[in-house]
$ cat final-v4.cif   # mmCIF, C-alpha atoms
data_coords
loop_
_atom_site.label_atom_id
_atom_site.label_comp_id
_atom_site.auth_asym_id
_atom_site.auth_seq_id
_atom_site.Cartn_x
_atom_site.Cartn_y
_atom_site.Cartn_z
CA MET F 571 0.00 0.00 0.00
CA GLU F 572 1.38 3.38 -0.87
CA VAL F 573 0.22 6.89 -0.27
CA LEU F 574 0.29 8.96 -3.43
CA ASP F 575 -1.04 12.16 -1.96
CA PRO F 576 -1.82 12.40 1.75
CA GLN F 577 -3.91 15.54 1.35
CA LEU F 578 -5.35 16.10 -2.07
CA ALA F 579 -8.21 18.30 -0.95
CA LEU F 580 -10.04 19.53 2.12
CA LEU F 581 -13.65 18.49 2.45
CA SER F 582 -16.23 20.50 4.31
CA ASN F 583 -18.57 18.75 6.70
CA TRP F 584 -21.70 19.22 4.61
CA GLU F 585 -20.01 17.60 1.61
CA VAL F 586 -19.08 14.54 3.63
CA LEU F 587 -22.58 14.36 5.11
CA ALA F 588 -24.13 14.58 1.63
CA ILE F 589 -21.85 11.84 0.27
CA LEU F 590 -22.51 9.52 3.20
CA LYS F 591 -26.27 10.02 3.11
CA GLU F 592 -26.37 9.36 -0.61
CA GLU F 593 -24.32 6.18 -0.26
CA ALA F 594 -26.51 5.00 2.60
CA GLU F 595 -29.59 5.50 0.41
CA SER F 596 -28.16 3.62 -2.53
CA ALA F 597 -26.96 0.81 -0.27
CA LYS F 598 -30.53 0.29 0.87
CA ARG F 599 -31.67 -0.03 -2.72
CA ASP F 600 -28.77 -2.24 -3.70
CA VAL F 601 -30.06 -5.69 -4.63
CA LEU F 602 -26.71 -7.18 -5.56
CA ARG F 603 -25.53 -7.39 -2.00
CA THR F 604 -26.31 -10.85 -0.69
CA PRO F 605 -27.36 -11.20 2.96
CA GLY F 606 -24.30 -13.25 3.84
CA THR F 607 -21.91 -10.37 3.33
CA GLN F 608 -23.54 -8.01 5.81
CA GLN F 609 -21.06 -8.83 8.53
CA LYS F 610 -18.21 -7.98 6.24
CA PHE F 611 -19.28 -4.35 6.19
CA GLN F 612 -19.80 -3.87 9.89
CA ASP F 613 -16.88 -1.44 10.20
CA LEU F 614 -18.08 0.64 7.29
CA LYS F 615 -21.64 0.73 8.56
CA THR F 616 -20.50 1.63 12.07
CA VAL F 617 -18.30 4.50 11.02
CA GLU F 618 -20.83 5.82 8.51
CA TYR F 619 -23.62 5.71 11.04
CA GLU F 620 -21.53 7.51 13.66
CA VAL F 621 -20.31 10.18 11.27
CA ILE F 622 -23.82 10.82 9.94
CA SER F 623 -25.13 10.96 13.49
CA PHE F 624 -22.44 13.43 14.57
CA LEU F 625 -22.69 15.67 11.54
CA SER F 626 -26.49 15.77 11.62
CA LYS F 627 -26.27 17.52 14.97
CA SER F 628 -23.76 20.08 13.76
CA PRO F 629 -24.51 23.30 11.84
CA CYS F 630 -23.68 21.61 8.53
CA ALA F 631 -26.89 19.58 8.61
CA GLU F 632 -28.88 22.43 7.07
CA GLN F 633 -26.34 23.39 4.47
CA ASP F 634 -26.42 22.58 0.79
CA ARG F 635 -24.35 23.48 -2.24
CA GLN F 636 -26.28 26.63 -2.97
CA SER F 637 -26.20 28.16 0.50
CA VAL F 638 -22.51 27.41 0.86
CA SER F 639 -21.54 28.94 -2.49
CA GLN F 640 -23.57 32.01 -1.59
CA LEU F 641 -21.69 32.25 1.71
CA LEU F 642 -18.35 31.84 -0.04
CA ALA F 643 -19.20 34.58 -2.51
CA LYS F 644 -19.96 36.94 0.37
CA LEU F 645 -16.70 36.04 2.13
CA GLU F 646 -14.63 36.66 -1.00
CA ARG F 647 -13.74 40.26 -0.27
CA PHE F 648 -12.29 39.66 3.19
CA ASN F 649 -9.05 37.96 2.16
CA LEU F 650 -9.55 35.00 4.42
CA THR F 651 -7.37 31.91 4.15
CA LYS F 652 -8.78 28.60 2.92
CA ALA F 653 -8.69 27.15 6.42
CA GLU F 654 -10.58 30.13 7.84
CA LYS F 655 -13.31 29.94 5.20
CA LEU F 656 -13.63 26.21 5.77
CA GLN F 657 -14.01 26.69 9.50
CA ILE F 658 -16.60 29.43 9.03
CA ILE F 659 -18.61 27.03 6.86
CA ASN F 660 -18.22 24.16 9.33
CA LEU F 661 -18.76 26.03 12.57
CA LYS F 662 -21.14 28.84 11.57
CA PRO F 663 -19.90 31.36 14.15
CA GLN F 664 -22.75 33.19 15.83
CA SER F 665 -20.85 35.72 17.87
CA LEU F 666 -17.71 37.85 17.82
CA ILE F 667 -15.91 35.46 20.17
CA ASP F 668 -16.49 32.56 17.77
CA LEU F 669 -15.12 34.64 14.94
CA HIS F 670 -12.04 35.59 16.94
CA LEU F 671 -11.31 31.92 17.42
CA ILE F 672 -11.38 31.18 13.72
CA VAL F 673 -9.62 34.15 12.16
CA GLU F 674 -6.05 34.80 13.20
CA GLU F 675 -4.93 38.32 14.03
CA ILE F 676 -8.44 39.47 13.46
CA GLU F 677 -7.87 42.93 14.93
CA SER F 678 -5.33 43.92 12.32
CA ARG F 679 -7.12 42.35 9.39
CA LEU F 680 -10.78 43.09 9.83
CA SER F 681 -12.49 46.19 11.06
CA ASP F 682 -15.51 45.88 13.34
CA GLU F 683 -17.92 46.47 10.53
CA TYR F 684 -16.36 43.68 8.45
CA LYS F 685 -16.74 41.35 11.41
CA GLU F 686 -20.42 42.23 11.69
CA GLU F 687 -20.84 41.64 8.00
CA ILE F 688 -19.32 38.19 8.22
CA LEU F 689 -21.58 37.28 11.11
CA ARG F 690 -24.61 38.43 9.15
CA ALA F 691 -23.56 36.48 6.07
CA VAL F 692 -23.35 33.21 7.98
CA MET P 609 -12.15 18.04 9.58
CA PHE P 610 -12.13 15.72 6.60
CA ILE P 611 -9.64 15.43 3.78
CA LEU P 612 -9.31 13.49 0.56
CA SER P 613 -6.24 11.23 0.29
CA VAL P 614 -5.00 9.36 -2.75
CA LEU P 615 -3.85 5.82 -2.00
CA ARG P 616 -2.77 2.89 -4.07
CA ASP P 617 -3.16 -0.72 -3.05
CA ASN P 618 -3.49 -4.26 -4.37
CA VAL P 619 -6.98 -5.66 -4.24
CA ARG P 620 -7.87 -9.31 -4.59
CA VAL P 621 -11.35 -10.14 -5.79
CA SER P 622 -12.54 -13.68 -5.19
CA PRO P 623 -14.69 -15.58 -7.72
CA ALA P 624 -17.71 -15.26 -5.43
CA ASP P 625 -17.80 -11.56 -6.28
CA PHE P 626 -17.38 -11.91 -10.05
CA HIS P 627 -21.08 -11.30 -10.66
CA LYS P 628 -20.76 -7.78 -9.36
CA PRO P 629 -19.52 -4.92 -11.54
CA ARG P 630 -15.77 -4.61 -11.15
CA SER P 631 -15.87 -1.19 -9.49
CA VAL P 632 -18.36 -2.44 -6.90
CA ALA P 633 -16.29 -5.53 -6.09
CA ILE P 634 -13.11 -3.49 -5.75
CA THR P 635 -14.78 -0.79 -3.65
CA GLU P 636 -16.25 -3.38 -1.29
CA ASN P 637 -12.84 -4.93 -0.85
CA LEU P 638 -11.33 -1.58 -0.03
CA HIS P 639 -14.07 -0.83 2.47
CA PHE P 640 -13.48 -4.12 4.18
CA LYS P 641 -9.82 -3.27 4.51
CA TYR P 642 -9.93 0.45 5.32
CA ALA P 643 -13.26 1.60 6.74
CA ASN P 644 -12.95 2.80 10.35
CA LYS P 645 -9.23 2.02 10.38
CA VAL P 646 -6.33 4.38 10.96
CA VAL P 647 -3.64 4.68 8.31
CA HIS P 648 -0.37 5.76 9.89
CA ASN P 649 0.38 9.47 9.38
CA ILE P 650 -2.78 9.87 7.31
CA GLY P 651 -5.79 9.63 9.60
CA LEU P 652 -8.98 7.68 10.23
CA CYS P 653 -10.41 6.31 6.97
CA ILE P 654 -14.13 6.78 6.57
CA ARG P 655 -14.98 5.47 3.11
CA VAL P 656 -13.78 5.37 -0.46
CA TYR P 657 -14.63 8.50 -2.42
CA ASP P 658 -13.95 7.08 -5.87
CA ILE P 659 -11.59 4.87 -7.84
CA LEU P 660 -9.20 6.74 -10.07
CA HIS P 661 -7.55 3.86 -11.87
CA ALA P 662 -7.50 0.06 -11.72
CA ASP P 663 -4.79 -1.85 -13.53
CA ASP P 664 -5.48 -4.88 -15.71
CA PRO P 665 -6.29 -7.74 -13.38
CA VAL P 666 -3.94 -10.68 -12.99
CA VAL P 667 -5.76 -13.97 -12.54
CA HIS P 668 -4.39 -16.57 -10.18
CA ALA P 669 -5.69 -19.52 -12.16
CA CYS P 670 -3.76 -22.13 -10.21
CA GLN P 671 -4.96 -20.95 -6.82
CA ASP P 672 -8.61 -20.14 -6.28
CA GLY P 673 -9.24 -18.27 -9.48
CA SER P 674 -9.35 -14.85 -7.89
CA TYR P 675 -7.81 -11.89 -9.62
CA LYS P 676 -5.54 -9.25 -8.26
CA THR P 677 -5.40 -5.68 -9.45
CA LYS P 678 -3.51 -2.58 -8.45
CA VAL P 679 -5.99 0.18 -7.65
CA THR P 680 -5.48 3.91 -7.24
CA PHE P 681 -8.32 5.46 -5.30
CA ARG P 682 -9.37 8.46 -3.27
CA MET P 683 -10.44 8.04 0.33
CA ILE P 684 -12.36 10.30 2.68
CA VAL P 685 -10.20 10.57 5.78
CA PHE P 686 -10.80 12.21 9.13
CA ARG P 687 -7.78 14.33 9.85
CA PRO P 688 -8.23 17.78 11.38
CA PHE P 689 -5.47 20.31 10.81
CA ILE P 690 -3.47 21.91 13.60
CA ASP P 691 -5.33 24.84 15.19
CA GLU P 692 -8.66 23.72 13.81
CA VAL P 693 -11.56 24.34 16.15
CA LEU P 694 -13.78 21.30 16.76
CA VAL P 695 -16.79 20.52 18.89
CA GLY P 696 -17.09 17.30 20.86
CA LYS P 697 -18.63 15.82 23.98
CA ILE P 698 -16.82 15.23 27.25
CA SER P 699 -16.72 11.48 27.72
CA GLY P 700 -14.69 11.31 30.94
CA SER P 701 -12.20 13.04 33.19
CA THR P 702 -9.07 11.75 34.86
CA PRO P 703 -6.42 13.54 36.86
CA TYR P 704 -4.35 13.52 33.69
CA GLY P 705 -6.84 15.31 31.50
CA ILE P 706 -10.28 15.42 29.93
CA LYS P 707 -11.32 12.86 27.36
CA VAL P 708 -13.45 14.16 24.53
CA SER P 709 -15.43 12.09 22.09
CA MET P 710 -16.78 12.92 18.65
CA GLU P 711 -18.93 9.81 18.26
CA PHE P 712 -16.92 8.34 15.43
CA PHE P 713 -13.61 9.26 17.05
CA ASP P 714 -12.95 8.94 20.76
CA ASP P 715 -9.25 9.41 21.29
CA ILE P 716 -9.12 13.10 22.04
CA ILE P 717 -7.53 14.32 25.24
CA ILE P 718 -7.09 17.75 26.77
CA PRO P 719 -4.10 17.72 29.13
CA PRO P 720 -4.14 19.91 32.26
CA HIS P 721 -1.59 22.42 31.00
CA ARG P 722 -3.83 23.16 28.04
CA MET P 723 -6.85 24.16 30.08
CA GLN P 724 -7.82 27.60 31.27
CA PRO P 725 -5.61 28.75 34.14
CA ASN P 726 -7.13 27.88 37.51
CA THR P 727 -8.78 24.70 36.38
CA ILE P 728 -8.55 22.18 39.18
CA TYR P 729 -9.39 18.49 39.30
CA ASP P 730 -12.02 17.69 41.91
CA ALA P 731 -11.18 14.15 42.95
CA SER P 732 -14.37 13.62 44.94
CA GLU P 733 -16.59 14.21 41.94
CA GLY P 734 -14.11 13.19 39.29
CA VAL P 735 -14.48 16.34 37.20
CA TRP P 736 -12.38 19.31 36.31
CA VAL P 737 -13.58 22.67 37.62
CA TRP P 738 -12.61 26.07 36.30
CA HIS P 739 -12.46 28.68 39.05
CA TYR P 740 -13.07 31.93 37.23
CA GLU P 741 -13.75 35.19 38.99
CA GLY P 742 -15.37 33.52 41.94
CA ASN P 743 -17.50 31.19 39.81
CA GLU P 744 -17.06 27.46 39.69
CA LEU P 745 -17.55 26.22 36.16
CA TYR P 746 -17.77 22.46 35.96
CA LEU P 747 -16.62 20.42 32.99
CA ASP P 748 -19.20 17.69 33.40
CA LYS P 749 -19.60 14.52 31.42
CA ASP P 750 -21.70 14.73 28.24
CA GLN P 751 -21.29 18.47 27.97
CA GLN P 752 -20.52 19.84 24.55
CA ILE P 753 -17.04 21.28 24.46
CA ARG P 754 -15.23 23.37 21.88
CA PHE P 755 -11.50 22.77 21.62
CA ARG P 756 -8.63 23.59 19.33
CA VAL P 757 -6.46 20.85 17.84
CA ASN P 758 -2.98 21.15 19.26
CA GLN P 759 -1.21 18.05 18.07
CA LEU P 760 -1.90 14.88 16.09
CA GLN P 761 -0.16 11.77 17.36
CA PHE P 762 0.25 8.65 15.33
CA ASN P 763 1.42 5.82 17.55
CA GLU P 764 3.05 2.69 16.28
CA ALA P 765 1.82 -0.47 17.92
CA GLY P 766 4.97 -2.30 18.90
CA PRO P 767 6.37 -4.38 21.75
CA GLU P 768 8.84 -1.73 22.89
CA HIS P 769 7.65 0.85 25.37
CA SER P 770 9.28 4.23 25.31
CA ARG P 771 8.85 6.58 28.22
CA GLU P 772 6.63 8.83 26.15
CA LEU P 773 4.27 6.03 25.21
CA LEU P 774 3.97 5.05 28.85
CA GLN P 775 3.08 8.59 29.82
CA ARG P 776 0.32 8.60 27.26
CA VAL P 777 -0.96 5.26 28.52
CA GLN P 778 -1.04 6.80 31.97
CA ALA P 779 -3.06 9.70 30.69
CA TRP P 780 -5.60 7.42 29.06
CA SER P 781 -6.06 4.79 31.73
CA GLY P 782 -5.78 7.24 34.59
CA ALA P 783 -3.50 4.91 36.51
CA PRO P 784 0.27 4.45 36.59
CA ALA P 785 1.28 1.82 34.05
CA ALA P 786 3.84 -0.85 34.92
CA LEU P 787 7.19 -0.58 33.21
CA ASN P 788 7.72 -4.32 33.26
CA SER P 789 4.79 -6.53 32.61
CA THR P 790 6.12 -9.42 34.67
CA VAL P 791 3.64 -11.28 36.73
CA GLY P 792 4.85 -13.23 39.74
CA ALA P 793 1.67 -14.91 40.91
CA ALA P 794 1.17 -18.52 41.85
CA SER P 795 -2.30 -19.38 40.58
CA LEU P 796 -3.30 -19.55 36.93
CA GLY P 797 -6.21 -17.19 37.52
CA ALA P 798 -3.90 -14.48 38.80
CA VAL P 799 -1.53 -14.99 35.86
CA VAL P 800 -4.37 -14.62 33.38
CA ASP P 801 -5.68 -11.54 35.19
CA GLY P 802 -2.23 -10.04 35.33
CA ALA P 803 -1.63 -10.62 31.65
CA ALA P 804 -4.99 -9.15 30.77
CA GLU P 805 -4.29 -6.12 32.93
CA ALA P 806 -0.86 -5.66 31.42
CA SER P 807 -2.25 -5.87 27.91
CA ASN P 808 -5.01 -3.41 28.81
CA GLU P 809 -2.45 -0.96 30.08
CA GLU P 810 -0.29 -1.42 27.02
CA LYS P 811 -3.08 -0.79 24.51
CA ILE P 812 -2.67 2.64 22.98
CA ALA P 813 -4.77 4.13 20.26
CA PRO P 814 -3.04 4.41 16.88
CA PHE P 815 -4.23 7.97 16.35
CA THR P 816 -4.78 10.46 19.16
CA ILE P 817 -5.48 14.17 19.15
CA ASP P 818 -4.23 16.57 21.80
CA GLY P 819 -6.61 19.45 22.24
CA ASP P 820 -6.54 22.70 24.09
CA ILE P 821 -9.24 24.81 25.64
CA LEU P 822 -7.00 27.68 26.57
CA GLY P 823 -8.50 30.78 25.06
CA ASP P 824 -11.64 32.84 24.70
CA GLY P 825 -14.49 30.93 23.19
CA LEU P 826 -13.02 27.52 23.99
CA GLY P 827 -14.32 25.13 26.59
CA CYS P 828 -17.92 24.26 27.31
CA LEU P 829 -20.34 25.82 24.84
CA SER P 830 -22.63 26.82 27.67
CA TRP P 831 -19.99 29.18 29.08
CA TRP P 832 -19.99 31.45 26.05
CA GLN P 833 -23.64 31.63 25.14
#
$ encode --input "final-v4.cif" --output "structure tokens"
Amino acid sequence: MEVLDPQLALLSNWEVLAILKEEAESAKRDVLRTPGTQQKFQDLKTVEYEVISFLSKSPCAEQDRQSVSQLLAKLERFNLTKAEKLQIINLKPQSLIDLHLIVEEIESRLSDEYKEEILRAV
Amino acid sequence: MFILSVLRDNVRVSPADFHKPRSVAITENLHFKYANKVVHNIGLCIRVYDILHADDPVVHACQDGSYKTKVTFRMIVFRPFIDEVLVGKISGSTPYGIKVSMEFFDDIIIPPHRMQPNTIYDASEGVWVWHYEGNELYLDKDQQIRFRVNQLQFNEAGPEHSRELLQRVQAWSGAPAALNSTVGAASLGAVVDGAAEASNEEKIAPFTIDGDILGDGLGCLSWWQ
């Protein structure tokens, strides 16, 4: 086994939730899977169930492609790093303190009114 | 929280699965091997995202008739980056730190030096308490907690025990671990118990995350609302 690229891309939580839900749906409809192999997939089912359960309780449960691309468009002008934008999408900060946690050196980069704008956009 | 990794591996498909489309058979094999498992220095594998390329299969006609093929595929992996802010639930507290769980991943620990200053362990109740401006803020079990990722640790499972590994075992089990796992008991029952205890103490998760709750906005969600 070799690793060709340890980190090809970052995935946001809503993307992973969407993928997992879709796969769970198609697995239910899948007629090719014979009953005898169910035990073989216990690990997969366990981890998928737990991840879906965890993510469904997080802010990403209500997100979809459209709302996220709208949010990204609004965040464009603030010169945020990829990691910061990803965290804003995943965590949906509701207050100034939350925003301070996500954006580094926020005082020098964003004025108060920018901060308010970001909070409104979320 | 999640990343996409590109891996390459050999997959062997047995004749029982020949009726399935090749991509399905290969994907199922990969899931059996990787789902919910930690790949060293990569992270916790969730599921296969897609298959990029599968080489021409080589059939082992003289064995059981299965074919082997080299597959390049993309995998969804849980691997937070350093300084990422995550939300989890407190699953337990020991004098060595707070254990946090994220349902699919349980090996997160917040050591004492990474908590807010003035956080003290209350041995009678078994919880950590933050004494802040005259208030006592408890870090109870099952509370939602926001923490920042400080360090990712990939541990190799091996027979040797370095001092560092032992310290981490201590932190997890909440009890001093024995340096030598020799058991000098007479009865078989005691030997079996001793061996089981030694192996319990020696078990260390392959992938652990060190978190910190030192900072505004970190710690229990209820504190900042």
$ closest_atom_pairs --input "final-v4.cif" --of "chain P" --to "chain F" --cutoff "6 Å" --atoms "all atoms listed in the file" --output "Markdown table"
| residue | atom | partner | partner_atom | distance |
| --- | --- | --- | --- | --- |
| P:Phe610 | CA | F:Leu581 | CA | 5.2 |
| P:Ile611 | CA | F:Leu580 | CA | 4.4 |
| P:Leu612 | CA | F:Ala579 | CA | 5.2 |
| P:Ser613 | CA | F:Pro576 | CA | 4.8 |
| P:Val614 | CA | F:Asp575 | CA | 4.9 |
| P:Leu615 | CA | F:Val573 | CA | 4.6 |
| P:Arg616 | CA | F:Glu572 | CA | 5.3 |
| P:Asp617 | CA | F:Met571 | CA | 4.5 |
| P:Ala643 | CA | F:Leu614 | CA | 4.9 |
| P:Asn644 | CA | F:Val617 | CA | 5.7 |
| P:Glu711 | CA | F:Glu620 | CA | 5.8 |
| P:Phe712 | CA | F:Glu620 | CA | 5.0 |
| P:Gly825 | CA | F:Ile667 | CA | 5.6 |
$ residues_around --input "final-v4.cif" --residues "region 732-743 of chain P" --least-positions-apart "5" --cutoff "10 Å" --atoms "all atoms listed in the file" --output "ChimeraX atom specification"
/P:700-703,705-706,720,723-727,748-749,827
$ write_last_selection --input "final-v4.cif" --atoms "C-alpha atoms" --output "PDB file, keeping the file's coordinate frame"
ATOM      1  CA  GLY P 700     -14.690  11.310  30.940  1.00  0.00           C
ATOM      2  CA  SER P 701     -12.200  13.040  33.190  1.00  0.00           C
ATOM      3  CA  THR P 702      -9.070  11.750  34.860  1.00  0.00           C
ATOM      4  CA  PRO P 703      -6.420  13.540  36.860  1.00  0.00           C
ATOM      5  CA  GLY P 705      -6.840  15.310  31.500  1.00  0.00           C
ATOM      6  CA  ILE P 706     -10.280  15.420  29.930  1.00  0.00           C
ATOM      7  CA  PRO P 720      -4.140  19.910  32.260  1.00  0.00           C
ATOM      8  CA  MET P 723      -6.850  24.160  30.080  1.00  0.00           C
ATOM      9  CA  GLN P 724      -7.820  27.600  31.270  1.00  0.00           C
ATOM     10  CA  PRO P 725      -5.610  28.750  34.140  1.00  0.00           C
ATOM     11  CA  ASN P 726      -7.130  27.880  37.510  1.00  0.00           C
ATOM     12  CA  THR P 727      -8.780  24.700  36.380  1.00  0.00           C
ATOM     13  CA  ASP P 748     -19.200  17.690  33.400  1.00  0.00           C
ATOM     14  CA  LYS P 749     -19.600  14.520  31.420  1.00  0.00           C
ATOM     15  CA  GLY P 827     -14.320  25.130  26.590  1.00  0.00           C
TER      16      GLY P 827
END
$ resolve_selection --input "final-v4.cif" --expression "the PyMOL selection byres ((chain P and resi 649) around 12)" --output "list in words"
Glu572, Val573, Asp575, Pro576 and Gln577 of chain F; Ser613, Val646, Val647, His648, Ile650, Gly651, Leu652, Cys653, Val685, Phe686, Arg687, Leu760, Gln761, Phe762, Asn763, Glu764, Pro814, Phe815 and Thr816 of chain P
$ residues_around --input "final-v4.cif" --residues "Thr635 (chain P)" --least-positions-apart "3" --cutoff "9 Å" --atoms "only C-alpha atoms" --output "MDAnalysis selection string"
chainID P and resid 630:632 638:640 656 658:659
$ atom_distance --input "final-v4.cif" --atom1 "CA of Ser830 (chain P)" --atom2 "CA of Arg679 (chain F)"
28.6 Å
$ atom_distance --input "final-v4.cif" --atom1 "CA of Lys645 (chain P)" --atom2 "CA of Met710 (chain P)"
15.6 Å
$ axis_aligned_box --input "final-v4.cif" --around "region 693-696 of chain P" --padding-each-side "5 Å" --output "AutoDock Vina command-line options"
--center_x -14.3 --center_y 20.8 --center_z 18.5 --size_x 15.5 --size_y 17.0 --size_z 14.7
$ residues_around --input "final-v4.cif" --residues "Phe626 (chain P)" --least-positions-apart "4" --cutoff "10 Å" --atoms "all atoms listed in the file" --output "NGL selection string"
:P and (621-622 or 630 or 633 or 674-675)
$ closest_residue --input "final-v4.cif" --among "P:Ile698, P:Leu747, P:Leu826, P:Ile717" --to "Asp730 (chain P)" --atoms "only C-alpha atoms"
P:Leu747
$ atom_distance --input "final-v4.cif" --atom1 "CA of Arg754 (chain P)" --atom2 "CA of Cys828 (chain P)"
6.1 Å
$ residues_around --input "final-v4.cif" --residues "Asp634 (chain F)" --least-positions-apart "5" --cutoff "10 Å" --atoms "all atoms listed in the file" --output "VMD selection string"
chain F and resid 584 to 585 588 639
$ resolve_selection --input "final-v4.cif" --expression "the PyMOL selection byres ((chain P and resi 818) around 9)" --output "PDB file with C-alpha atoms, in the frame of the given file"
ATOM      1  CA  ASP P 715      -9.250   9.410  21.290  1.00  0.00           C
ATOM      2  CA  ILE P 716      -9.120  13.100  22.040  1.00  0.00           C
ATOM      3  CA  ILE P 717      -7.530  14.320  25.240  1.00  0.00           C
ATOM      4  CA  ILE P 718      -7.090  17.750  26.770  1.00  0.00           C
ATOM      5  CA  PRO P 719      -4.100  17.720  29.130  1.00  0.00           C
ATOM      6  CA  ARG P 756      -8.630  23.590  19.330  1.00  0.00           C
ATOM      7  CA  VAL P 757      -6.460  20.850  17.840  1.00  0.00           C
ATOM      8  CA  ASN P 758      -2.980  21.150  19.260  1.00  0.00           C
ATOM      9  CA  GLN P 759      -1.210  18.050  18.070  1.00  0.00           C
ATOM     10  CA  LEU P 760      -1.900  14.880  16.090  1.00  0.00           C
ATOM     11  CA  GLN P 761      -0.160  11.770  17.360  1.00  0.00           C
ATOM     12  CA  THR P 816      -4.780  10.460  19.160  1.00  0.00           C
ATOM     13  CA  ILE P 817      -5.480  14.170  19.150  1.00  0.00           C
ATOM     14  CA  GLY P 819      -6.610  19.450  22.240  1.00  0.00           C
ATOM     15  CA  ASP P 820      -6.540  22.700  24.090  1.00  0.00           C
TER      16      ASP P 820
END
$ closest_residue --input "final-v4.cif" --among "F:Arg635, F:Lys662, F:Lys598, F:Lys685" --to "Val693 (chain P)" --atoms "only C-alpha atoms"
F:Lys662
$ build_atoms --input "final-v4.cif" --residues "region 689-707 of chain P" --atoms "N, CA and C atoms" --output "mmCIF file, keeping the file's coordinate frame"
data_model
loop_
_atom_site.group_PDB
_atom_site.id
_atom_site.type_symbol
_atom_site.label_atom_id
_atom_site.label_comp_id
_atom_site.auth_asym_id
_atom_site.auth_seq_id
_atom_site.Cartn_x
_atom_site.Cartn_y
_atom_site.Cartn_z
ATOM 1 N N PHE P 689 -6.780 19.664 10.886
ATOM 2 C CA PHE P 689 -5.470 20.310 10.810
ATOM 3 C C PHE P 689 -5.170 20.994 12.137
ATOM 4 N N ILE P 690 -3.893 21.276 12.341
ATOM 5 C CA ILE P 690 -3.470 21.910 13.600
ATOM 6 C C ILE P 690 -4.147 23.268 13.710
ATOM 7 N N ASP P 691 -4.635 23.579 14.912
ATOM 8 C CA ASP P 691 -5.330 24.840 15.190
ATOM 9 C C ASP P 691 -6.768 24.863 14.693
ATOM 10 N N GLU P 692 -7.257 23.729 14.195
ATOM 11 C CA GLU P 692 -8.660 23.720 13.810
ATOM 12 C C GLU P 692 -9.519 23.656 15.061
ATOM 13 N N VAL P 693 -10.659 24.325 15.012
ATOM 14 C CA VAL P 693 -11.560 24.340 16.150
ATOM 15 C C VAL P 693 -12.634 23.271 15.933
ATOM 16 N N LEU P 694 -12.795 22.378 16.898
ATOM 17 C CA LEU P 694 -13.780 21.300 16.760
ATOM 18 C C LEU P 694 -14.697 21.277 17.967
ATOM 19 N N VAL P 695 -15.856 20.648 17.783
ATOM 20 C CA VAL P 695 -16.790 20.520 18.890
ATOM 21 C C VAL P 695 -16.992 19.045 19.200
ATOM 22 N N GLY P 696 -16.892 18.687 20.480
ATOM 23 C CA GLY P 696 -17.090 17.300 20.860
ATOM 24 C C GLY P 696 -17.837 17.226 22.177
ATOM 25 N N LYS P 697 -17.941 16.013 22.703
ATOM 26 C CA LYS P 697 -18.630 15.820 23.980
ATOM 27 C C LYS P 697 -17.641 15.284 24.980
ATOM 28 N N ILE P 698 -17.730 15.756 26.229
ATOM 29 C CA ILE P 698 -16.820 15.230 27.250
ATOM 30 C C ILE P 698 -17.256 13.814 27.594
ATOM 31 N N SER P 699 -16.326 12.855 27.439
ATOM 32 C CA SER P 699 -16.720 11.480 27.720
ATOM 33 C C SER P 699 -16.183 11.000 29.057
ATOM 34 N N GLY P 700 -15.224 11.723 29.636
ATOM 35 C CA GLY P 700 -14.690 11.310 30.940
ATOM 36 C C GLY P 700 -13.589 12.238 31.376
ATOM 37 N N SER P 701 -13.289 12.206 32.660
ATOM 38 C CA SER P 701 -12.200 13.040 33.190
ATOM 39 C C SER P 701 -11.307 12.203 34.072
ATOM 40 N N THR P 702 -10.021 12.399 33.959
ATOM 41 C CA THR P 702 -9.070 11.750 34.860
ATOM 42 C C THR P 702 -8.146 12.831 35.376
ATOM 43 N N PRO P 703 -7.357 12.528 36.382
ATOM 44 C CA PRO P 703 -6.420 13.540 36.860
ATOM 45 C C PRO P 703 -5.438 13.985 35.785
ATOM 46 N N TYR P 704 -5.332 13.203 34.721
ATOM 47 C CA TYR P 704 -4.350 13.520 33.690
ATOM 48 C C TYR P 704 -4.941 14.312 32.547
ATOM 49 N N GLY P 705 -6.258 14.514 32.566
ATOM 50 C CA GLY P 705 -6.840 15.310 31.500
ATOM 51 C C GLY P 705 -8.299 14.989 31.274
ATOM 52 N N ILE P 706 -8.867 15.658 30.265
ATOM 53 C CA ILE P 706 -10.280 15.420 29.930
ATOM 54 C C ILE P 706 -10.332 14.638 28.632
ATOM 55 N N LYS P 707 -11.151 13.610 28.605
ATOM 56 C CA LYS P 707 -11.320 12.860 27.360
ATOM 57 C C LYS P 707 -12.530 13.401 26.626
#
